[in-house]
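Trainee: Below is input14.cif; it holds mmCIF, C-alpha atoms and all ligand atoms.
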data_my_file
loop_
_atom_site.label_atom_id
_atom_site.label_comp_id
_atom_site.auth_asym_id
_atom_site.auth_seq_id
_atom_site.Cartn_x
_atom_site.Cartn_y
_atom_site.Cartn_z
CA MET A 11 0.00 0.00 0.00
CA SER A 12 1.53 3.34 -0.92
CA GLY A 13 0.26 6.89 -0.43
CA ILE A 14 -3.04 7.72 1.22
CA PRO A 15 -6.25 7.67 -0.81
CA ASP A 16 -8.71 10.49 -0.17
CA SER A 17 -11.31 8.09 1.29
CA ALA A 18 -11.03 6.05 4.46
CA ILE A 19 -13.25 3.36 5.94
CA LEU A 20 -12.95 3.30 9.72
CA GLU A 21 -14.29 0.06 11.20
CA LEU A 22 -14.90 1.31 14.73
CA THR A 23 -15.83 -1.92 16.49
CA PHE A 24 -15.80 -5.69 16.15
CA ASN A 25 -19.23 -5.86 17.80
CA CYS A 26 -22.55 -6.16 16.11
CA ASN A 27 -26.12 -6.79 17.26
CA HIS A 28 -26.91 -8.68 14.05
CA SER A 29 -25.33 -11.90 12.84
CA CYS A 30 -25.81 -11.67 9.10
CA LEU A 31 -24.98 -14.86 7.23
CA PHE A 32 -23.44 -12.76 4.44
CA CYS A 33 -21.31 -10.53 6.71
CA TYR A 34 -17.88 -9.99 5.15
CA ALA A 35 -16.15 -8.72 8.33
CA PRO A 36 -12.77 -10.48 8.01
CA TRP A 37 -12.34 -11.15 11.74
CA LEU A 38 -15.29 -13.56 11.50
CA GLU A 39 -13.09 -15.90 9.51
CA GLU A 40 -9.75 -14.94 11.07
CA PRO A 41 -10.07 -14.62 14.87
CA SER A 42 -6.43 -13.49 15.21
CA LEU A 43 -7.60 -10.08 13.96
CA TYR A 44 -9.41 -9.46 17.24
CA GLY A 45 -7.51 -7.16 19.57
CA ARG A 46 -7.93 -4.05 21.68
CA GLU A 47 -10.26 -1.66 19.90
CA LEU A 48 -9.11 1.93 19.53
CA SER A 49 -11.02 4.22 21.85
CA ILE A 50 -13.02 7.14 20.46
CA PRO A 51 -10.31 9.66 21.52
CA GLU A 52 -7.83 7.51 19.57
CA TRP A 53 -10.14 7.40 16.55
CA ILE A 54 -10.41 11.20 16.69
CA GLU A 55 -6.62 11.36 16.69
CA VAL A 56 -6.52 9.03 13.67
CA ALA A 57 -9.20 11.04 11.84
CA GLU A 58 -7.31 14.29 12.44
CA LEU A 59 -4.11 12.74 11.13
CA LEU A 60 -5.82 11.39 8.04
CA ILE A 61 -7.49 14.74 7.33
CA ARG A 62 -4.06 16.38 7.53
CA ARG A 63 -2.86 13.79 5.02
CA GLY A 64 -5.66 14.69 2.61
CA VAL A 65 -8.49 12.29 3.46
CA ARG A 66 -11.80 14.04 2.78
CA ARG A 67 -14.31 11.19 2.85
CA PHE A 68 -14.88 8.90 5.78
CA THR A 69 -17.13 5.89 6.11
CA LEU A 70 -17.71 4.84 9.71
CA SER A 71 -18.68 1.20 10.02
CA GLY A 72 -17.99 -1.91 12.08
CA GLY A 73 -19.44 -4.27 13.08
CA GLU A 74 -22.25 -1.95 14.02
CA LEU A 75 -20.72 1.46 14.55
CA LEU A 76 -23.51 2.59 16.88
CA LEU A 77 -22.42 0.02 19.46
CA LYS A 78 -19.16 1.95 19.86
CA GLU A 79 -19.21 3.79 23.15
CA GLY A 80 -18.88 7.54 22.66
CA VAL A 81 -19.25 7.39 18.87
CA THR A 82 -21.20 10.67 18.78
CA LYS A 83 -18.01 12.49 19.83
CA LEU A 84 -16.32 11.28 16.65
CA ILE A 85 -19.38 12.25 14.60
CA ASP A 86 -19.40 15.73 16.14
CA PHE A 87 -15.65 16.05 15.54
CA LEU A 88 -16.06 15.31 11.83
CA ALA A 89 -19.14 17.52 11.54
CA ALA A 90 -17.32 20.51 13.07
CA HIS A 91 -13.96 20.03 11.37
CA PRO A 92 -12.82 23.12 9.40
CA GLU A 93 -11.69 20.97 6.46
CA ARG A 94 -15.32 19.91 6.05
CA PRO A 95 -14.83 16.19 5.42
CA HIS A 96 -17.79 14.19 4.17
CA PHE A 97 -18.75 11.25 6.38
CA THR A 98 -21.13 8.33 6.01
CA LEU A 99 -22.48 6.20 8.85
CA TYR A 100 -22.78 2.67 7.46
CA THR A 101 -25.25 0.93 9.74
CA ASN A 102 -27.84 -1.82 9.89
CA GLY A 103 -30.22 0.91 11.15
CA SER A 104 -31.56 -0.87 14.22
CA LEU A 105 -29.88 1.51 16.70
CA VAL A 106 -30.43 4.77 14.84
CA THR A 107 -32.40 7.20 16.98
CA ARG A 108 -34.34 10.32 16.12
CA GLU A 109 -31.68 12.24 18.02
CA LEU A 110 -28.92 10.84 15.80
CA VAL A 111 -30.85 11.78 12.66
CA GLU A 112 -31.24 15.31 14.06
CA ARG A 113 -27.52 15.39 14.80
CA LEU A 114 -26.73 14.84 11.13
CA ARG A 115 -29.07 17.54 9.86
CA GLY A 116 -27.21 20.34 8.13
CA THR A 117 -23.86 18.53 8.31
CA ARG A 118 -21.90 16.82 5.55
CA GLY A 119 -22.85 13.52 7.12
CA ASP A 120 -25.25 10.94 5.76
CA PHE A 121 -26.29 7.34 6.28
CA ALA A 122 -25.86 4.16 4.30
CA PHE A 123 -28.24 1.36 5.26
CA SER A 124 -28.01 -2.32 4.48
CA LEU A 125 -31.16 -3.86 2.97
CA PRO A 126 -30.45 -7.51 2.14
CA GLY A 127 -33.99 -8.81 1.72
CA ILE A 128 -37.67 -8.37 2.46
CA ARG A 129 -39.27 -11.74 3.24
CA CYS A 130 -35.89 -13.26 4.14
CA TYR A 131 -34.61 -10.23 6.10
CA ARG A 132 -34.71 -11.82 9.54
CA ALA A 133 -33.36 -15.17 8.40
CA LEU A 134 -30.44 -13.47 6.65
CA THR A 135 -29.59 -11.04 9.43
CA GLY A 136 -30.26 -13.24 12.46
CA SER A 137 -32.03 -10.30 14.07
CA THR A 138 -35.48 -9.32 15.26
CA TRP A 139 -35.17 -5.93 13.55
CA SER A 140 -37.49 -5.64 10.60
CA VAL A 141 -37.88 -4.15 7.17
CA ASP A 142 -40.80 -2.15 8.59
CA GLY A 143 -38.39 -0.56 11.06
CA LEU A 144 -36.06 0.33 8.20
CA ILE A 145 -38.90 1.86 6.19
CA ASP A 146 -39.82 4.05 9.18
CA LEU A 147 -36.19 5.09 9.41
CA PHE A 148 -36.04 5.93 5.70
CA ASP A 149 -39.16 8.10 6.20
CA LEU A 150 -37.59 9.85 9.17
CA CYS A 151 -34.39 10.64 7.26
CA ARG A 152 -36.31 11.87 4.23
CA ASN A 153 -38.61 14.05 6.33
CA ARG A 154 -35.69 15.55 8.24
CA GLY A 155 -33.62 16.15 5.09
CA VAL A 156 -30.81 13.76 5.99
CA PRO A 157 -29.54 11.94 2.88
CA PHE A 158 -29.10 8.19 2.84
CA GLY A 159 -27.95 5.48 0.49
CA VAL A 160 -28.95 1.83 0.46
CA GLY A 161 -26.65 -1.17 -0.05
CA ILE A 162 -28.16 -4.42 -1.31
CA VAL A 163 -26.21 -7.66 -1.25
CA VAL A 164 -28.00 -10.26 -3.37
CA THR A 165 -27.94 -13.73 -1.89
CA ARG A 166 -29.71 -16.80 -3.26
CA PRO A 167 -32.74 -16.40 -0.92
CA ALA A 168 -33.16 -12.78 -2.05
CA LEU A 169 -32.52 -13.32 -5.75
CA ARG A 170 -36.19 -12.96 -6.66
CA GLU A 171 -36.51 -9.76 -4.63
CA TRP A 172 -33.82 -7.53 -6.08
CA LYS A 173 -36.20 -5.32 -8.10
CA GLN A 174 -38.47 -4.90 -5.10
CA LEU A 175 -35.47 -4.01 -2.94
CA ILE A 176 -34.31 -1.32 -5.35
CA SER A 177 -37.85 0.00 -5.74
CA LEU A 178 -38.34 0.10 -1.99
CA ALA A 179 -35.11 2.03 -1.54
CA VAL A 180 -35.87 4.51 -4.31
CA LEU A 181 -39.50 5.08 -3.31
CA SER A 182 -38.36 5.62 0.28
CA GLY A 183 -36.09 8.44 -0.81
CA ALA A 184 -32.63 6.84 -1.07
CA ALA A 185 -30.15 9.19 -2.76
CA THR A 186 -28.08 6.29 -4.12
CA VAL A 187 -28.40 2.52 -4.36
CA GLN A 188 -25.58 0.02 -4.65
CA ILE A 189 -26.32 -3.60 -5.44
CA GLY A 190 -24.13 -6.62 -6.08
CA PRO A 191 -23.94 -10.37 -5.68
CA PHE A 192 -22.95 -11.91 -2.36
CA LEU A 193 -19.24 -12.71 -1.99
CA ALA A 194 -18.23 -15.63 0.21
CA GLU A 195 -16.04 -13.62 2.59
CA GLY A 196 -16.00 -13.23 6.37
CA ARG A 197 -18.89 -15.22 7.89
CA GLY A 198 -20.05 -15.67 4.31
CA ARG A 199 -17.22 -18.15 3.73
CA PHE A 200 -19.16 -20.56 5.93
CA HIS A 201 -22.33 -20.04 3.88
CA PRO A 202 -21.53 -20.84 0.25
CA GLU A 203 -25.17 -21.90 -0.15
CA LEU A 204 -25.96 -18.17 -0.43
CA LEU A 205 -23.86 -17.78 -3.58
CA LEU A 206 -25.45 -17.05 -6.92
CA THR A 207 -24.09 -19.06 -9.79
CA CYS A 208 -21.80 -17.25 -12.18
CA ARG A 209 -24.58 -17.21 -14.78
CA GLU A 210 -27.08 -15.73 -12.31
CA ALA A 211 -24.62 -13.05 -11.18
CA VAL A 212 -23.79 -12.03 -14.74
CA ARG A 213 -27.49 -11.92 -15.62
CA LEU A 214 -28.20 -9.86 -12.51
CA GLY A 215 -25.57 -7.35 -13.67
CA GLU A 216 -27.13 -7.09 -17.12
CA GLU A 217 -30.62 -6.60 -15.72
CA VAL A 218 -29.51 -4.07 -13.11
CA ARG A 219 -27.75 -2.05 -15.79
CA ARG A 220 -30.93 -2.04 -17.88
CA PHE A 221 -32.97 -1.14 -14.81
CA SER A 222 -30.58 1.71 -14.00
CA ARG A 223 -31.61 3.56 -17.18
CA LYS A 224 -35.06 4.20 -15.75
CA CYS A 225 -33.96 4.52 -12.15
CA PRO A 226 -34.31 8.14 -10.96
CA VAL A 227 -31.28 7.92 -8.62
CA PRO A 228 -27.73 6.66 -9.22
CA LEU A 229 -27.82 2.86 -9.18
CA ARG A 230 -24.40 1.20 -9.05
CA PHE A 231 -23.76 -2.45 -9.72
CA ALA A 232 -20.82 -3.88 -7.78
CA GLY A 233 -20.07 -6.81 -10.03
CA GLU A 234 -17.20 -8.62 -8.31
CA LEU A 235 -17.83 -12.37 -8.40
CA PHE A 236 -15.21 -13.06 -5.76
CA CYS A 237 -12.55 -11.15 -3.89
CA SER A 238 -9.88 -10.70 -6.51
CA CYS A 239 -7.33 -9.62 -3.87
CA ARG A 240 -7.13 -13.22 -2.62
CA SER A 241 -4.91 -15.86 -4.15
CA ASP A 242 -6.82 -18.29 -6.33
CA ALA A 243 -6.27 -21.02 -3.77
CA ALA A 244 -8.00 -18.99 -1.03
CA CYS A 245 -10.90 -17.89 -3.22
CA ILE A 246 -14.38 -19.30 -3.00
CA ARG A 247 -15.69 -18.88 -6.51
CA PRO A 248 -19.38 -18.97 -7.38
CA PRO A 249 -20.44 -22.16 -9.16
CA GLY A 250 -19.76 -22.02 -12.86
CA VAL A 251 -16.99 -19.39 -12.93
CA PRO A 252 -14.62 -20.48 -15.72
CA GLU A 253 -11.15 -21.48 -14.52
CA ASP A 254 -9.55 -18.87 -16.75
CA TYR A 255 -11.86 -16.05 -15.56
CA ARG A 256 -9.71 -13.07 -14.60
CA PRO A 257 -11.58 -10.26 -12.87
CA ALA A 258 -10.44 -6.70 -13.29
CA PRO A 259 -8.12 -5.79 -10.41
CA CYS A 260 -10.04 -4.56 -7.39
CA SER A 261 -9.86 -0.77 -7.16
CA VAL A 262 -10.37 -0.56 -3.40
CA GLU A 263 -6.65 -0.41 -2.71
CA GLU A 264 -6.29 2.80 -4.67
CA ARG A 265 -9.58 4.36 -3.63
CA PHE A 266 -9.95 3.53 0.08
CA LEU A 267 -7.86 3.10 3.13
CA VAL A 268 -9.48 0.48 5.36
CA VAL A 269 -8.70 0.66 9.08
CA GLY A 270 -9.89 -2.18 11.34
CA PRO A 271 -11.20 -1.82 14.91
CA ALA A 272 -7.74 -2.34 16.42
CA GLY A 273 -6.24 0.41 14.25
CA LYS A 274 -4.60 -1.88 11.67
CA CYS A 275 -4.78 -0.96 7.99
CA ARG A 276 -5.91 -3.48 5.41
CA ARG A 277 -5.63 -3.20 1.66
CA CYS A 278 -9.03 -4.75 1.08
CA LEU A 279 -12.39 -4.78 2.84
CA HIS A 280 -12.59 -8.56 2.73
CA LEU A 281 -9.02 -9.70 3.11
CA PRO A 282 -7.76 -10.60 6.61
CA GLU A 283 -4.22 -9.57 5.71
CA GLU A 284 -3.10 -6.47 7.61
CA ALA A 285 -0.70 -3.73 6.55
CA GLY A 286 0.34 -2.17 9.86
CA ASP A 287 -0.86 0.35 12.42
CA VAL A 288 -2.70 3.28 10.88
CA ARG A 289 -0.78 5.85 12.96
CA ARG A 290 2.54 4.41 11.91
CA PHE A 291 1.36 4.10 8.32
CA ALA A 292 0.27 7.71 8.20
CA GLY A 293 3.47 8.91 9.81
CA MET A 294 2.21 9.79 13.30
CA ALA A 295 3.67 7.04 15.45
CA ASN A 296 7.35 6.37 15.95
S1 LIG A 301 -23.27 -7.30 7.79
FE1 LIG A 301 -23.27 -5.50 9.11
S2 LIG A 301 -25.12 -5.71 10.34
FE2 LIG A 301 -24.69 -7.72 9.49
S3 LIG A 301 -23.46 -8.79 11.05
FE3 LIG A 301 -22.03 -7.81 9.60
S4 LIG A 301 -21.55 -5.84 10.52
FE4 LIG A 301 -23.42 -6.61 11.51
#
Take the structure from the file and write it as structure tokens.
Ligand code: SF4

Mentor:
Amino acid sequence: MSGIPDSAILELTFNCNHSCLFCYAPWLEEPSLYGRELSIPEWIEVAELLIRRGVRRFTLSGGELLLKEGVTKLIDFLAAHPERPHFTLYTNGSLVTRELVERLRGTRGDFAFSLPGIRCYRALTGSTWSVDGLIDLFDLCRNRGVPFGVGIVVTRPALREWKQLISLAVLSGAATVQIGPFLAEGRGRFHPELLLTCREAVRLGEEVRRFSRKCPVPLRFAGELFCSCRSDAACIRPPGVPEDYRPAPCSVEERFLVVGPAGKCRRCLHLPEEAGDVRRFAGMAN
């Protein structure tokens, strides 16, 4: 990894109140990644350092970022920073309060919500939270003028629902929608039954691209079939991917810096491999 991209994903905590079968958090497959989480004062220090090094877009995630004690101090820090960084709270939505939505009003902050299914939502997320709860939250954000995007990971149980999921997001006021096939990473490596076949994933991409022409908001298809950062031997490929299939190199390394809950950089969202302490990497630590 060389240089610092202008976007950083800060994974604030290992903890989550959901247990999604498709979760790509790498520590779920590699327990050695667990360690002492950075505290919020340490995350503020990291954010300040990264802003000084040119980072202007932050995504705060986890785990579930809203389980991180004191997280609103980091949100307020970013909202008040004179360099005016943009920041996105990537959350499952279940812990978002009216007060948090109000906190984001008039800032450069927004939300990104995960919407993996309608009928299969609870089975996929292992939670008692519901799509109805998410729809109420979408309404609240729209009514209070706080922008939000929606991320849709398409698993086999949700394959028939993808158009409804996009429509639900758009009709609820999402500013952007990103959709793509499930990758068998993180906990997902233990659930290959969720994979689409190669043919289904390619067809999904074609249909989403057609759909995007009449979609009133930006609709992005994330078409990776597997994590191309991994060696072939470590890859779980969807059924039917030709042996000689060579995906385009993943662009995450150039576009994002990913920092895990213990403050270690990674070159890829899915890959357990670490690239050193973020403060050392960015030239702060000795
Ligand atoms: S996908 Fe998100 S909400 Fe689901 S278990 Fe993983 S971190 Fe939690």

Trainee: So which one's closest to ligand LIG 301 (chain A), A:Thr107, A:Ile145, A:Gly250, A:Pro271? Using all atoms listed in the file, please.

Mentor: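 Among A:Thr107, A:Ile145, A:Gly250, A:Pro271, it is A:Pro271 that comes nearest to ligand LIG 301 (chain A).
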
Trainee: Taking all atoms listed in the file into account, report as a list in words which residues have an atom no farther than 7 Å from an atom of ligand LIG 301 (chain A).

Mentor: Cys26, Asn27, His28, Ser29, Cys30, Phe32, Cys33, Tyr34, Ala35, Gly72, Gly73, Glu74, Thr101, Asn102 and Thr135 of chain A

Trainee: Produce a file of the selected residues containing C-alpha atoms, as a CSV table (one decimal), in the frame of the given file.

Mentor:
chain,number,residue,atom,x,y,z
A,26,CYS,CA,-22.6,-6.2,16.1
A,27,ASN,CA,-26.1,-6.8,17.3
A,28,HIS,CA,-26.9,-8.7,14.0
A,29,SER,CA,-25.3,-11.9,12.8
A,30,CYS,CA,-25.8,-11.7,9.1
A,32,PHE,CA,-23.4,-12.8,4.4
A,33,CYS,CA,-21.3,-10.5,6.7
A,34,TYR,CA,-17.9,-10.0,5.2
A,35,ALA,CA,-16.2,-8.7,8.3
A,72,GLY,CA,-18.0,-1.9,12.1
A,73,GLY,CA,-19.4,-4.3,13.1
A,74,GLU,CA,-22.2,-2.0,14.0
A,101,THR,CA,-25.2,0.9,9.7
A,102,ASN,CA,-27.8,-1.8,9.9
A,135,THR,CA,-29.6,-11.0,9.4

Trainee: Counting only C-alpha atoms, what is within 12 Å of Glu109 (chain A), bar same-chain residues fewer than 5 positions away, as a ChimeraX atom specification?

Mentor: /A:82,114-115,150-151,154

Trainee: Restrict the selected residues to C-alpha atoms and save them as an mmCIF file, in the coordinates of the input.

Mentor:
data_model
loop_
_atom_site.group_PDB
_atom_site.id
_atom_site.type_symbol
_atom_site.label_atom_id
_atom_site.label_comp_id
_atom_site.auth_asym_id
_atom_site.auth_seq_id
_atom_site.Cartn_x
_atom_site.Cartn_y
_atom_site.Cartn_z
ATOM 1 C CA THR A 82 -21.200 10.670 18.780
ATOM 2 C CA LEU A 114 -26.730 14.840 11.130
ATOM 3 C CA ARG A 115 -29.070 17.540 9.860
ATOM 4 C CA LEU A 150 -37.590 9.850 9.170
ATOM 5 C CA CYS A 151 -34.390 10.640 7.260
ATOM 6 C CA ARG A 154 -35.690 15.550 8.240
#

Trainee: Quick one: of A:Ser124, A:Thr69, A:Ser238, A:Thr138, who's nearest to Ala184 (chain A), counting all atoms listed in the file?

Mentor: A:Ser124

Trainee: Nearest to Leu20 (chain A): which of A:Ser71, A:Ser140, A:Ser49, A:Ser42 is it, counting only C-alpha atoms?

Mentor: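 Closest to Leu20 (chain A) of all the choices is A:Ser71.
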
Trainee: Find the distance between CA of Asp149 (chain A) and CA of Tyr100 (chain A) and write it in Å to one decimal.

Mentor: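 Straight-line distance from CA of Asp149 (chain A) to CA of Tyr100 (chain A) works out to 17.3 Å.
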
Trainee: Could you state the separation of CA of Leu144 (chain A) and CA of Phe123 (chain A) in Å, given to one decimal place?

Mentor: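 Answer for the CA of Leu144 (chain A) to CA of Phe123 (chain A) separation: 8.4 Å.
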
Trainee: Which residue gives the smallest distance to Leu38 (chain A) among A:Lys224, A:Lys274, A:Arg197, A:Arg219, with all atoms listed in the file counted?

Mentor: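 Looking only at the distances to Leu38 (chain A), the closest residue turns out to be A:Arg197.
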